[in-house]
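Asks: What follows is a single structure, and I will ask about it in a moment.
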Amino acid sequence: MNKFEQLGLNEQLLKAITDMGFESPSEVQEKAIPVLLANDTDMVALAQTGTGKTAAFGFPMIQKIDVNSRTTQGLILSPTRELCLQIANELKLYSKYLPNINVVAIYGGASITDQAKQVKRGAQIVVATPGRMKDMISRNMVDISKIEYCVLDEADEMLNMGFYEDINEILSHAPKEKSTWLFSATMPREVATIAKKFMKNPQEVTVGAKNAATSNVQHEYYVVGGRDRYLALKRLADTNPDIFSVIFCRTKRDTQKVAEKLIEDGYNAGALHGDLSQNQRDMVMKSFRSKQIQMLVATDVAARGIDVDDVTHVINYQLPDEIETYTHRSGRTGRAGKSGISMVIVTKSELRKIGAIERIIQQKFEAKKVPSAEEICEIQLYHLASKIKNTEVNKEVEHYLPAINDVFDGIDREELIKKMVSVEFGRFAEYYKKAGDINVSANSSSRDQDFSGGEGKVRYFINVGSRDGYDWMVLKDFLREQLQLGQDDIFKVDVKESFSFFNTDANHTEAILAFFTDFKLDGRFVNVEVSKNSRENSRGRGGRSGGGGDRKRSRRSDSGSSKSFGEKRFGKKGGKGNNSGGNNNGGNRRSKKRF
Ligand code: ADP
Ligand code: MG
């Protein structure tokens with residue numbers, strides 16, 4: 001019997017679940033669903049972002065609804081229009097085999113009369129933002145006097161956004177006798193207060209530590225001078241050619257400015273903030289979802305609705321004013337069982353905030369250095385080489401081959417490769433040629449753990465990456481297991497699409513290189529080499545002397561192939577097939593998309 005069946009879900013839901021490809025329930029689903037199905041009870045469920053809370057309340061609600069009645073029986077309140085739409089769409093997928101169920105989304109920025117019409121046609125489930133809901137109740141466009149189930153989804157966010165009064169008002173129109181289910185990622189005092197106010201003896205479901213950030217997110221910080229934030233951001237992006245990220249700024253103005261600069265510098269970036277029209281915001285989100293935008297620069301408020309699963313990096317361009325907000329930011333990555341990285345660009349004077357955040361998220365940050373120009377160039381070069389290797393040959397090229405062969409006549413393979421790579425890489429190398437070190441020494445005794453190589457540390461290159469199913473955690477586990485090393489022996493693991501880097505102390509180097517001579521995984525050679533930038537030169541600190549290289553803008557966009565480093569990297573990421581070695585290494589490779 002499949003694990004979803006054991007939860008007590010009915011035939012139609014099970015069929016839909018199979019169609020969606022969910023293999024087993026997530027923890028919050030496993031804990032909440034049977035309770036909600038079996039009882040009419042209130043519930044407070046706390047689980048991190050991306051753990052499948054929508055289904056945890058959606059499945060039971062759908063199963064409990066009387067499909068033969070057209071009365072509105074379920075109300076789901078959610079903080080943003082984006083989330084409303086997302087929840088409504090998920091519920092529609094869940095109820096695919098229950099054609100009589102009608103789910104209607106109600107939110108601001110769209111025609112209220114259209115929404116009222118949809119409700120009138122008979123919506124058993126209404127998913128709404130508090131603002132629009134209140135509005136429609138006051139105009140008698142929706143009747144919630146007979147609801148039996150009420151969900152407060154992302155309750156912490158709703159309160160953050162100041163919806164307390166609205167929720168209060170809305171619920172005064174709902175019957176006393178109903179079940180209220182509150183779902184939240186964190187449990188600040190305000191949430192506890194509404195739980196008390198609106199619920200009777202709620203059952204509690206907690207997944208992970210209260211208020212803890214997602215544990216498959218790695219937290220890193222980079223100390224730079226205040227004026228070097230943008231340069232640091234660029235370098236972080238350049239070291240991660242496959243980045244798909246949300247970048248947080250404190251103000252709308254900075255958000256707009258950073259996005260504009262990135263675009264000017266040839267990145268696939270976009271801005272999301274409250275000064276944009278709803279239409280503009282929709283366009284930006286659409287481009288982001290389809291990965292045409294790789295770097296979405298956003299304010300905290302605007303980013304609340306972002307629920308995109310594959311975000312690889314969250315970058316805190318500036319720390320939020322309220323450090324609690326950090327949890328929400330970092331929760332935008334590491335969703336749906338994947339791992340993610342949350343990076344913070346800080347100045348020396350802000351360093352103490354890192355400690356405060358660590359206490360809130362109950363996780364340690366890693367102090368990292370903004371990569372050097374050499375390191376970035378190395379990564380870009382490997383990336384380019386593997387991109388060329390993995391490019392599918394365009395059929396039309398055949399036609400021109402004879403003429404092209406003539407052009408290359410007399411040039412041997414090695415020479416040709418060098419030239420080809422140089423075409424793309426030249427501009428890049430030029431840009432970084434004179435770029436100096438922008439790291440600022442943290443100095444202050446408390447936070448001086450610097451993992452960035454230096455004396456006695458060695459950095460390695462390994463020819464496996466995310467397309468082989470690795471992320472930093474999986475690769476670290478894999479290496480530790482293979483090399484029989486301890487928890488902290490492998491560090492600075494950076495996984496790119498088709499290759500990765502990691503560090504160890506120098507005393508392991510010989511053994512590691514010996515181990516990987518002739519090492520095969522599923523018939524494929526796994527190659528480990530000492531990276532060219534292994535011995536990171538510890539240049540003069542605060543060395544902004546050479547910063548001119550960064551400043552002198554060599555636009556990547558100036559040759560017409562502006563997106564050469566960014567374009568379509570995501571488009572055809574068919575890499576999953578090459579899942580080499582999944583079985584050999586003790587199952588520590590997590591299966592994709594499954595909880
Ligand atoms: P949360 O509300 O906790 O942030 P969501 O409900 O939005 O998380 O779910 C995150 C993602 O995980 C969605 O894409 C959803 O379709 C997917 N998902 C939910 N449950 C499962 C499951 N049991 N197996 C695989 N994927 C799931
Ligand atoms: Mg959710």
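We name chains A, B, ... following the order of the structure tokens; residues begin at 1 in each chain, and ligands are numbered from 1 as shown.
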Can you write out as a Markdown table which residues of chain A fall within 8 Å of ligand 1, alongside each residue's closest atom pair and its distance in Å to one decimal, counting only C-alpha atoms and all ligand atoms and ordering rows by chain and ascending residue number?
Replies:
| residue | atom | partner | partner_atom_place_in_ligand_line | distance |
| --- | --- | --- | --- | --- |
| A:Met20 | CA | ligand 1 | 16 (O) | 7.7 |
| A:Gly21 | CA | ligand 1 | 25 (C) | 6.9 |
| A:Phe22 | CA | ligand 1 | 24 (N) | 3.9 |
| A:Glu23 | CA | ligand 1 | 24 (N) | 5.6 |
| A:Ser24 | CA | ligand 1 | 23 (N) | 5.0 |
| A:Pro25 | CA | ligand 1 | 23 (N) | 3.9 |
| A:Ser26 | CA | ligand 1 | 23 (N) | 4.8 |
| A:Gln29 | CA | ligand 1 | 23 (N) | 7.3 |
| A:Ala47 | CA | ligand 1 | 3 (O) | 6.6 |
| A:Gln48 | CA | ligand 1 | 3 (O) | 6.1 |
| A:Thr49 | CA | ligand 1 | 4 (O) | 3.7 |
| A:Gly50 | CA | ligand 1 | 4 (O) | 3.4 |
| A:Thr51 | CA | ligand 1 | 3 (O) | 3.9 |
| A:Gly52 | CA | ligand 1 | 6 (O) | 3.4 |
| A:Lys53 | CA | ligand 1 | 3 (O) | 3.8 |
| A:Thr54 | CA | ligand 1 | 6 (O) | 3.7 |
| A:Ala55 | CA | ligand 1 | 6 (O) | 5.8 |
| A:Ala56 | CA | ligand 1 | 6 (O) | 7.6 |
| A:Gln86 | CA | ligand 1 | 7 (O) | 7.9 |
| A:Ile87 | CA | ligand 1 | 7 (O) | 7.7 |
| A:Glu90 | CA | ligand 1 | 16 (O) | 7.2 |
| A:Asp153 | CA | ligand 1 | 2 (O) | 7.9 |
| A:Glu154 | CA | ligand 1 | 2 (O) | 7.6 |
| A:Ala185 | CA | ligand 1 | 3 (O) | 7.6 |
| A:Asp307 | CA | ligand 1 | 7 (O) | 6.6 |
| A:Val308 | CA | ligand 1 | 14 (O) | 7.8 |
| A:Asp309 | CA | ligand 1 | 14 (O) | 6.2 |
| A:Arg335 | CA | ligand 1 | 10 (C) | 6.4 |
| A:Ala336 | CA | ligand 1 | 12 (O) | 4.5 |
| A:Gly337 | CA | ligand 1 | 12 (O) | 7.8 |
| A:Lys593 | CA | ligand 1 | 25 (C) | 5.4 |
| A:Arg594 | CA | ligand 1 | 25 (C) | 4.2 |
| A:Phe595 | CA | ligand 1 | 24 (N) | 5.2 |
Asks: Quick one: residues within 6 Å of region 220-226 of chain A, only C-alpha atoms, excluding same-chain residues fewer than 6 positions away - as a ChimeraX atom specification?
Replies: /A:343-347,365-369,439-440
Asks: Keeping only all heavy atoms, write the selected residues to a file as a CSV table (one decimal), in the first residue's frame.
Replies:
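Okay, out-v9.csv is ready:
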chain,number,residue,atom,x,y,z
A,343,MET,N,23.4,33.7,0.7
A,343,MET,CA,24.6,34.5,0.9
A,343,MET,C,24.3,35.9,1.4
A,343,MET,O,23.3,36.5,1.1
A,343,MET,CB,25.3,34.7,-0.5
A,343,MET,CG,25.6,33.4,-1.1
A,343,MET,SD,26.2,33.7,-2.8
A,343,MET,CE,27.3,32.3,-3.1
A,344,VAL,N,25.1,36.4,2.3
A,344,VAL,CA,24.9,37.7,2.9
A,344,VAL,C,26.2,38.5,2.6
A,344,VAL,O,27.3,38.1,2.9
A,344,VAL,CB,24.7,37.7,4.4
A,344,VAL,CG1,24.5,39.1,4.9
A,344,VAL,CG2,23.5,36.8,4.7
A,345,ILE,N,26.0,39.7,1.9
A,345,ILE,CA,27.1,40.6,1.7
A,345,ILE,C,27.0,41.6,2.9
A,345,ILE,O,26.0,42.3,3.1
A,345,ILE,CB,26.9,41.4,0.4
A,345,ILE,CG1,26.9,40.3,-0.8
A,345,ILE,CG2,28.1,42.4,0.2
A,345,ILE,CD1,26.6,41.0,-2.1
A,346,VAL,N,28.0,41.6,3.7
A,346,VAL,CA,28.0,42.5,4.9
A,346,VAL,C,29.2,43.4,4.9
A,346,VAL,O,30.3,43.1,4.4
A,346,VAL,CB,28.0,41.7,6.3
A,346,VAL,CG1,26.7,41.2,6.6
A,346,VAL,CG2,29.0,40.7,6.3
A,347,THR,N,29.1,44.5,5.6
A,347,THR,CA,30.2,45.3,6.0
A,347,THR,C,30.7,44.9,7.4
A,347,THR,O,29.9,44.3,8.1
A,347,THR,CB,29.9,46.8,5.9
A,347,THR,OG1,28.9,47.0,6.9
A,347,THR,CG2,29.4,47.2,4.6
A,365,PHE,N,26.7,30.3,10.3
A,365,PHE,CA,27.1,30.9,9.0
A,365,PHE,C,28.6,30.4,8.7
A,365,PHE,O,29.3,30.2,9.6
A,365,PHE,CB,27.1,32.4,9.0
A,365,PHE,CG,25.8,33.0,8.6
A,365,PHE,CD1,24.8,33.1,9.6
A,365,PHE,CD2,25.6,33.5,7.4
A,365,PHE,CE1,23.6,33.6,9.2
A,365,PHE,CE2,24.4,34.1,7.0
A,365,PHE,CZ,23.4,34.2,8.0
A,366,GLU,N,28.9,30.3,7.4
A,366,GLU,CA,30.3,30.1,7.0
A,366,GLU,C,30.8,31.4,6.5
A,366,GLU,O,30.2,32.1,5.7
A,366,GLU,CB,30.3,29.0,5.9
A,366,GLU,CG,31.7,28.5,5.7
A,366,GLU,CD,31.6,27.3,4.7
A,366,GLU,OE1,30.6,26.6,4.7
A,366,GLU,OE2,32.6,27.2,4.0
A,367,ALA,N,32.0,31.8,7.0
A,367,ALA,CA,32.7,33.0,6.6
A,367,ALA,C,33.3,32.7,5.3
A,367,ALA,O,34.2,31.8,5.2
A,367,ALA,CB,33.7,33.5,7.6
A,368,LYS,N,33.0,33.4,4.2
A,368,LYS,CA,33.6,33.0,2.9
A,368,LYS,C,34.3,34.3,2.3
A,368,LYS,O,33.9,35.4,2.7
A,368,LYS,CB,32.6,32.4,2.0
A,368,LYS,CG,32.2,31.0,2.4
A,368,LYS,CD,31.5,30.4,1.3
A,368,LYS,CE,32.2,29.1,0.7
A,368,LYS,NZ,31.5,28.5,-0.4
A,369,LYS,N,35.2,34.1,1.4
A,369,LYS,CA,35.8,35.2,0.7
A,369,LYS,C,35.2,35.4,-0.7
A,369,LYS,O,34.9,34.4,-1.4
A,369,LYS,CB,37.3,34.9,0.5
A,369,LYS,CG,38.0,34.9,1.8
A,369,LYS,CD,39.2,35.8,1.8
A,369,LYS,CE,39.6,36.2,3.2
A,369,LYS,NZ,40.9,36.9,3.2
A,439,ASN,N,37.8,41.7,-0.6
A,439,ASN,CA,37.5,41.3,0.7
A,439,ASN,C,38.0,42.2,1.8
A,439,ASN,O,39.1,42.8,1.7
A,439,ASN,CB,38.0,39.9,1.0
A,439,ASN,CG,37.3,38.9,0.1
A,439,ASN,OD1,36.2,38.6,0.4
A,439,ASN,ND2,38.0,38.3,-0.9
A,440,VAL,N,37.3,42.4,2.9
A,440,VAL,CA,37.7,43.1,4.0
A,440,VAL,C,37.9,42.1,5.1
A,440,VAL,O,37.1,41.3,5.4
A,440,VAL,CB,36.7,44.2,4.4
A,440,VAL,CG1,37.1,44.8,5.8
A,440,VAL,CG2,36.5,45.2,3.4
Asks: A:Ser466, A:Asn39, A:Thr80, A:Gln380: which is nearest ligand 2, counting only C-alpha atoms and all ligand atoms?
Replies: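 Residue with the minimum atom-to-atom distance to ligand 2: A:Thr80.
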Asks: By how many Å are CA of Asp238 (chain A) and CA of Ile306 (chain A) apart?
Replies: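 Calculated distance between CA of Asp238 (chain A) and CA of Ile306 (chain A) is 23.7 Å.
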Asks: Counting only C-alpha atoms, what is within 9 Å of region 188-201 of chain A, bar same-chain residues fewer than 2 positions away, as a ChimeraX atom specification?
Replies: /A:41-44,155-156,159-160,164,168,171,179-182,184,186,203,211
Asks: Using N, CA, C and O atoms, can you write the selected residues to a file as a short mmCIF file (atom, residue, chain, number, x, y, z; two decimals), in the first residue's frame?
Replies:
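Final file, part-v9.cif:
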data_model
loop_
_atom_site.label_atom_id
_atom_site.label_comp_id
_atom_site.auth_asym_id
_atom_site.auth_seq_id
_atom_site.Cartn_x
_atom_site.Cartn_y
_atom_site.Cartn_z
N THR A 41 -11.28 19.21 13.94
CA THR A 41 -10.47 19.84 14.97
C THR A 41 -9.77 21.08 14.44
O THR A 41 -9.58 21.22 13.24
N ASP A 42 -9.40 21.96 15.35
CA ASP A 42 -8.52 23.07 14.97
C ASP A 42 -7.08 22.56 14.95
O ASP A 42 -6.77 21.56 15.59
N MET A 43 -6.24 23.23 14.18
CA MET A 43 -4.86 22.77 14.11
C MET A 43 -3.89 23.94 13.90
O MET A 43 -4.20 24.87 13.17
N VAL A 44 -2.76 23.84 14.56
CA VAL A 44 -1.66 24.76 14.28
C VAL A 44 -0.51 23.92 13.74
O VAL A 44 -0.04 23.02 14.43
N ALA A 155 0.49 32.18 7.99
CA ALA A 155 -0.05 33.10 8.99
C ALA A 155 0.99 34.13 9.41
O ALA A 155 0.68 35.31 9.59
N ASP A 156 2.23 33.72 9.53
CA ASP A 156 3.26 34.68 9.96
C ASP A 156 3.41 35.80 8.94
O ASP A 156 3.52 36.97 9.29
N LEU A 159 0.47 38.26 9.10
CA LEU A 159 0.57 39.20 10.22
C LEU A 159 1.68 40.21 9.96
O LEU A 159 1.54 41.40 10.23
N ASN A 160 2.78 39.72 9.41
CA ASN A 160 3.87 40.61 9.00
C ASN A 160 3.38 41.74 8.12
O ASN A 160 3.88 42.85 8.15
N TYR A 164 -3.76 41.67 10.40
CA TYR A 164 -4.46 41.20 11.60
C TYR A 164 -5.90 41.70 11.65
O TYR A 164 -6.83 40.92 11.83
N ASN A 168 -9.40 39.48 11.48
CA ASN A 168 -10.35 39.61 12.57
C ASN A 168 -11.75 39.90 12.03
O ASN A 168 -12.74 39.24 12.38
N LEU A 171 -13.24 36.93 9.94
CA LEU A 171 -13.70 35.79 10.72
C LEU A 171 -14.94 36.10 11.56
O LEU A 171 -15.66 35.18 11.96
N SER A 179 -13.84 24.41 11.75
CA SER A 179 -12.48 24.04 12.08
C SER A 179 -11.54 25.07 11.48
O SER A 179 -11.68 25.45 10.32
N THR A 180 -10.59 25.54 12.26
CA THR A 180 -9.61 26.49 11.77
C THR A 180 -8.24 25.85 11.77
O THR A 180 -7.82 25.27 12.77
N TRP A 181 -7.60 25.91 10.63
CA TRP A 181 -6.28 25.30 10.49
C TRP A 181 -5.27 26.40 10.17
O TRP A 181 -5.40 27.09 9.15
N LEU A 182 -4.32 26.56 11.03
CA LEU A 182 -3.32 27.61 10.82
C LEU A 182 -2.00 26.98 10.37
O LEU A 182 -1.49 26.07 11.03
N SER A 184 1.99 27.81 9.15
CA SER A 184 2.96 28.88 9.24
C SER A 184 4.36 28.30 9.22
O SER A 184 4.57 27.15 9.61
N THR A 186 6.94 30.02 10.66
CA THR A 186 7.52 30.40 11.94
C THR A 186 6.41 30.70 12.94
O THR A 186 5.25 30.84 12.57
N GLN A 203 -4.88 21.09 17.69
CA GLN A 203 -3.85 20.04 17.64
C GLN A 203 -2.59 20.70 17.10
O GLN A 203 -2.66 21.52 16.20
N ASN A 211 10.63 28.03 14.29
CA ASN A 211 11.37 29.19 13.80
C ASN A 211 12.68 28.86 13.09
O ASN A 211 13.40 29.76 12.68
#
Asks: Residues near Pro371 (chain A), anyone? I mean within 10 Å using only C-alpha atoms, not counting same-chain ones fewer than 4 positions away, as a VMD selection string.
Replies: chain A and resid 222 232 235 to 236 238 to 239 375 to 377 437 to 439 452 536
Asks: Here is a test: counting only C-alpha atoms, which residue of A:Arg281, A:Lys234, A:Lys257, A:Lys457 is nearest to Ser372 (chain A)?
Replies: A:Lys234
Asks: I'd like the neighbourhood of Asn216 (chain A) as JSON, numbers by chain, where a residue qualifies if any of its atoms comes within 12 Å (using only C-alpha atoms), though same-chain residues fewer than 5 positions away should be ignored.
Replies: {"A": [48, 49, 50, 51, 208, 312, 330, 331, 332, 333, 334, 335, 336, 337, 338, 339, 340, 341, 342, 363, 471, 472, 473, 474, 590]}
Asks: Those residues with N, CA and C atoms, as a PDB file, in the first residue's frame please?
Replies:
ATOM      1  N   GLN A  48       8.647  24.390   7.763  1.00  0.00           N
ATOM      2  CA  GLN A  48       9.406  25.321   6.939  1.00  0.00           C
ATOM      3  C   GLN A  48       8.781  25.513   5.570  1.00  0.00           C
ATOM      4  N   THR A  49       9.215  26.557   4.930  1.00  0.00           N
ATOM      5  CA  THR A  49       8.764  26.840   3.576  1.00  0.00           C
ATOM      6  C   THR A  49       9.175  25.696   2.655  1.00  0.00           C
ATOM      7  N   GLY A  50       8.307  25.380   1.729  1.00  0.00           N
ATOM      8  CA  GLY A  50       8.663  24.379   0.733  1.00  0.00           C
ATOM      9  C   GLY A  50       8.508  22.952   1.201  1.00  0.00           C
ATOM     10  N   THR A  51       7.781  22.729   2.288  1.00  0.00           N
ATOM     11  CA  THR A  51       7.652  21.370   2.792  1.00  0.00           C
ATOM     12  C   THR A  51       6.314  20.732   2.434  1.00  0.00           C
ATOM     13  N   GLY A 208      10.434  19.950  12.453  1.00  0.00           N
ATOM     14  CA  GLY A 208      11.690  20.668  12.676  1.00  0.00           C
ATOM     15  C   GLY A 208      11.537  21.609  13.855  1.00  0.00           C
ATOM     16  N   THR A 312      18.436  28.643  -6.631  1.00  0.00           N
ATOM     17  CA  THR A 312      19.691  28.069  -6.143  1.00  0.00           C
ATOM     18  C   THR A 312      20.327  28.935  -5.061  1.00  0.00           C
ATOM     19  N   SER A 330      15.752  33.579   3.298  1.00  0.00           N
ATOM     20  CA  SER A 330      16.513  32.367   2.989  1.00  0.00           C
ATOM     21  C   SER A 330      15.580  31.211   2.646  1.00  0.00           C
ATOM     22  N   GLY A 331      14.324  31.304   3.100  1.00  0.00           N
ATOM     23  CA  GLY A 331      13.357  30.250   2.776  1.00  0.00           C
ATOM     24  C   GLY A 331      12.932  30.233   1.320  1.00  0.00           C
ATOM     25  N   ARG A 332      13.387  31.239   0.547  1.00  0.00           N
ATOM     26  CA  ARG A 332      13.052  31.238  -0.882  1.00  0.00           C
ATOM     27  C   ARG A 332      13.895  30.216  -1.643  1.00  0.00           C
ATOM     28  N   THR A 333      14.931  29.707  -0.992  1.00  0.00           N
ATOM     29  CA  THR A 333      15.714  28.645  -1.635  1.00  0.00           C
ATOM     30  C   THR A 333      15.618  27.396  -0.750  1.00  0.00           C
ATOM     31  N   GLY A 334      16.170  26.289  -1.264  1.00  0.00           N
ATOM     32  CA  GLY A 334      16.109  25.055  -0.487  1.00  0.00           C
ATOM     33  C   GLY A 334      14.696  24.537  -0.356  1.00  0.00           C
ATOM     34  N   ARG A 335      13.883  24.737  -1.403  1.00  0.00           N
ATOM     35  CA  ARG A 335      12.502  24.290  -1.350  1.00  0.00           C
ATOM     36  C   ARG A 335      12.333  22.895  -1.949  1.00  0.00           C
ATOM     37  N   ALA A 336      11.235  22.275  -1.590  1.00  0.00           N
ATOM     38  CA  ALA A 336      10.873  20.979  -2.164  1.00  0.00           C
ATOM     39  C   ALA A 336      12.020  19.978  -2.111  1.00  0.00           C
ATOM     40  N   GLY A 337      12.661  19.898  -0.969  1.00  0.00           N
ATOM     41  CA  GLY A 337      13.683  18.883  -0.771  1.00  0.00           C
ATOM     42  C   GLY A 337      15.010  19.161  -1.441  1.00  0.00           C
ATOM     43  N   LYS A 338      15.135  20.308  -2.101  1.00  0.00           N
ATOM     44  CA  LYS A 338      16.418  20.625  -2.730  1.00  0.00           C
ATOM     45  C   LYS A 338      17.286  21.407  -1.763  1.00  0.00           C
ATOM     46  N   SER A 339      18.542  21.550  -2.108  1.00  0.00           N
ATOM     47  CA  SER A 339      19.396  22.353  -1.245  1.00  0.00           C
ATOM     48  C   SER A 339      19.569  23.736  -1.849  1.00  0.00           C
ATOM     49  N   GLY A 340      19.986  24.668  -1.039  1.00  0.00           N
ATOM     50  CA  GLY A 340      20.183  26.022  -1.532  1.00  0.00           C
ATOM     51  C   GLY A 340      21.222  26.742  -0.704  1.00  0.00           C
ATOM     52  N   ILE A 341      21.601  27.904  -1.184  1.00  0.00           N
ATOM     53  CA  ILE A 341      22.615  28.691  -0.491  1.00  0.00           C
ATOM     54  C   ILE A 341      22.078  30.094  -0.261  1.00  0.00           C
ATOM     55  N   SER A 342      22.218  30.562   0.947  1.00  0.00           N
ATOM     56  CA  SER A 342      21.836  31.938   1.241  1.00  0.00           C
ATOM     57  C   SER A 342      23.093  32.729   1.566  1.00  0.00           C
ATOM     58  N   GLN A 363      21.427  28.031  13.186  1.00  0.00           N
ATOM     59  CA  GLN A 363      22.401  27.448  12.268  1.00  0.00           C
ATOM     60  C   GLN A 363      23.590  28.376  12.180  1.00  0.00           C
ATOM     61  N   ASP A 471      24.386  18.174  -5.218  1.00  0.00           N
ATOM     62  CA  ASP A 471      24.392  19.539  -4.728  1.00  0.00           C
ATOM     63  C   ASP A 471      25.479  19.556  -3.662  1.00  0.00           C
ATOM     64  N   TRP A 472      25.682  20.679  -2.996  1.00  0.00           N
ATOM     65  CA  TRP A 472      26.839  20.729  -2.101  1.00  0.00           C
ATOM     66  C   TRP A 472      26.779  19.692  -0.991  1.00  0.00           C
ATOM     67  N   MET A 473      25.548  19.409  -0.525  1.00  0.00           N
ATOM     68  CA  MET A 473      25.452  18.446   0.574  1.00  0.00           C
ATOM     69  C   MET A 473      25.744  17.036   0.102  1.00  0.00           C
ATOM     70  N   VAL A 474      25.156  16.714  -1.030  1.00  0.00           N
ATOM     71  CA  VAL A 474      25.324  15.358  -1.554  1.00  0.00           C
ATOM     72  C   VAL A 474      26.783  15.112  -1.913  1.00  0.00           C
ATOM     73  N   ARG A 590      20.073  12.348  -2.753  1.00  0.00           N
ATOM     74  CA  ARG A 590      18.638  12.452  -2.562  1.00  0.00           C
ATOM     75  C   ARG A 590      17.923  12.455  -3.897  1.00  0.00           C
TER      76      ARG A 590
END
Asks: Per DSSP on the backbone, filter region 50-80 of chain A down to the residues in strand (DSSP E) and report them as JSON, numbers by chain.
Replies: {"A": [74, 75, 76, 77]}
Asks: Extract, using only C-alpha atoms, all DNA, RNA and protein residues at most 7 Å from Thr71 (chain A), discarding same-chain residues fewer than 6 positions from it, and format them as a list of chain:residue names.
Replies: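 Residues meeting the cut-off are A:Gly122, A:Ala123, A:Gln124.
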Asks: Restricting it to C-alpha atoms, dump the selection as an mmCIF file, in the first residue's frame.
Replies:
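The new file selection.cif reads:
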data_model
loop_
_atom_site.group_PDB
_atom_site.id
_atom_site.type_symbol
_atom_site.label_atom_id
_atom_site.label_comp_id
_atom_site.auth_asym_id
_atom_site.auth_seq_id
_atom_site.Cartn_x
_atom_site.Cartn_y
_atom_site.Cartn_z
ATOM 1 C CA GLY A 122 -20.980 27.937 -6.688
ATOM 2 C CA ALA A 123 -17.527 27.815 -5.185
ATOM 3 C CA GLN A 124 -17.163 25.226 -2.459
#
Asks: Have a look at A:Gly456, A:Gly162, A:Gly58, A:Gly426 and name the one nearest to ligand 2; count only C-alpha atoms and all ligand atoms.
Replies: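 For ligand 2, the nearest of the given residues is A:Gly58.
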Asks: Find the residue from A:Lys261, A:Lys15, A:Lys496, A:Arg304 that sits nearest to ligand 2; use only C-alpha atoms and all ligand atoms when measuring.
Replies: A:Arg304
